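Colleague: Below are the structure tokens for one structure; questions will follow.
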Amino acid sequence: MTESEAEMRERLQAYATSQGFVFNSDIDRLNLVMKGLHNNAIKHGATYCPCRIRTGDPENDNKIICPCAFHKDEIKQQGFCHCHLFYDV
């Protein structure tokens, strides 16, 4: 069973808080990313980053399940992740 969009948002918000990140303050962008994550969960069975391309290789694709394997380095270097979902405080 796939979690609801609200449950997913709550889970990712809790994750962000625990890591010292915040969500994007641009509500339109935040909602767009959340909708993409939720749609991927329904369509593909996992919250794949909507800003990255799935390869079909499960090992590689597992790296792009939100929060992806790349987000911490991106936030450290740029102040935000590729999707502009998580930002440094």
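Chain lettering (A, B, ...) mirrors the order of the structure tokens, residue numbering begins at 1 for each chain separately, and ligand numbering begins at 1 in order of display.
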Can you list every residue in chain A that DSSP puts in helix (DSSP H, G or I), as a PyMOL selection string?

Modeller: chain A and resi 5-19+27-44+58-64+71-78

Colleague: Excluding Thr47 (chain A) and any residue of its chain fewer than 6 positions from it, enumerate the residues within 7 Å of it, using only C-alpha atoms, and give them as a VMD selection string.

Modeller: chain A and resid 37 to 38 40 to 41 65 to 66

Colleague: Using only C-alpha atoms, please write the residues we just selected to a file, as an mmCIF file, in the first residue's frame.

Modeller:
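Below you can see selection.cif, which holds the result:
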data_model
loop_
_atom_site.group_PDB
_atom_site.id
_atom_site.type_symbol
_atom_site.label_atom_id
_atom_site.label_comp_id
_atom_site.auth_asym_id
_atom_site.auth_seq_id
_atom_site.Cartn_x
_atom_site.Cartn_y
_atom_site.Cartn_z
ATOM 1 C CA LEU A 37 7.299 11.921 -5.741
ATOM 2 C CA HIS A 38 3.803 10.697 -4.981
ATOM 3 C CA ASN A 40 6.291 7.941 -8.879
ATOM 4 C CA ALA A 41 5.332 5.996 -5.757
ATOM 5 C CA ILE A 65 14.655 7.215 -4.067
ATOM 6 C CA CYS A 66 13.961 10.336 -2.024
#

Colleague: I need the residues of chain A that end up classed as strand (DSSP E or B) by DSSP on the backbone, written out as a compact mmCIF listing (two decimals) with N, CA, C and O atoms, in the first residue's frame.

Modeller:
# COMPACT_ATOMS: atom_id res chain seq x y z
N PHE A 21 17.75 20.30 7.74
CA PHE A 21 17.34 20.88 6.46
C PHE A 21 15.94 21.48 6.62
O PHE A 21 15.24 21.20 7.58
N VAL A 22 15.55 22.26 5.64
CA VAL A 22 14.18 22.77 5.56
C VAL A 22 13.66 22.50 4.16
O VAL A 22 14.43 22.29 3.23
N PHE A 23 12.34 22.51 4.04
CA PHE A 23 11.72 22.41 2.72
C PHE A 23 11.87 23.74 1.99
O PHE A 23 12.01 24.80 2.60
N TYR A 48 10.72 7.78 -6.28
CA TYR A 48 11.87 8.18 -7.09
C TYR A 48 11.84 9.69 -7.28
O TYR A 48 10.79 10.28 -7.51
N ILE A 65 15.86 7.20 -4.90
CA ILE A 65 14.66 7.21 -4.07
C ILE A 65 14.85 8.31 -3.03
O ILE A 65 15.86 8.37 -2.35
N PHE A 80 21.21 23.43 -1.52
CA PHE A 80 19.93 22.79 -1.80
C PHE A 80 20.18 21.54 -2.64
O PHE A 80 21.22 21.39 -3.26
N PHE A 86 14.96 20.03 -0.54
CA PHE A 86 15.63 20.28 0.72
C PHE A 86 16.64 21.41 0.59
O PHE A 86 17.38 21.46 -0.38
N TYR A 87 16.65 22.27 1.60
CA TYR A 87 17.60 23.39 1.65
C TYR A 87 18.33 23.36 2.98
O TYR A 87 17.80 22.93 4.00
N ASP A 88 19.56 23.87 2.95
CA ASP A 88 20.31 24.06 4.18
C ASP A 88 19.66 25.21 4.95
O ASP A 88 19.10 26.13 4.35

Colleague: Would you list the contacts of region 25-31 of chain A as a ChimeraX atom specification, taking every protein, DNA or RNA residue within 9 Å and counting only C-alpha atoms, but skipping same-chain residues closer than 6 positions in sequence?

Modeller: /A:83-85

Colleague: Quick check, in Å to one decimal: how far apart do CA of Phe70 (chain A) and CA of Ser4 (chain A) lie?

Modeller: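 CA of Ser4 (chain A) lies at a distance of 24.6 Å from CA of Phe70 (chain A).
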
Colleague: Quick check, in Å to one decimal: how far apart do CA of Ile75 (chain A) and CA of Gln19 (chain A) lie?

Modeller: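 Computing the Euclidean distance for CA of Ile75 (chain A) and CA of Gln19 (chain A) yields 11.1 Å.
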
Colleague: Given only C-alpha atoms as the basis, pick out the residue of A:Cys68, A:Ala14, A:Val89, A:Cys51 nearest to Leu32 (chain A).

Modeller: A:Cys51

Colleague: Choose the residue, out of A:Ile64, A:Glu74, A:Gln13, A:Met34, that has the smallest atom-to-atom separation from Ala46 (chain A); count only C-alpha atoms.

Modeller: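 Of all the options, A:Ile64 lies closest to Ala46 (chain A).
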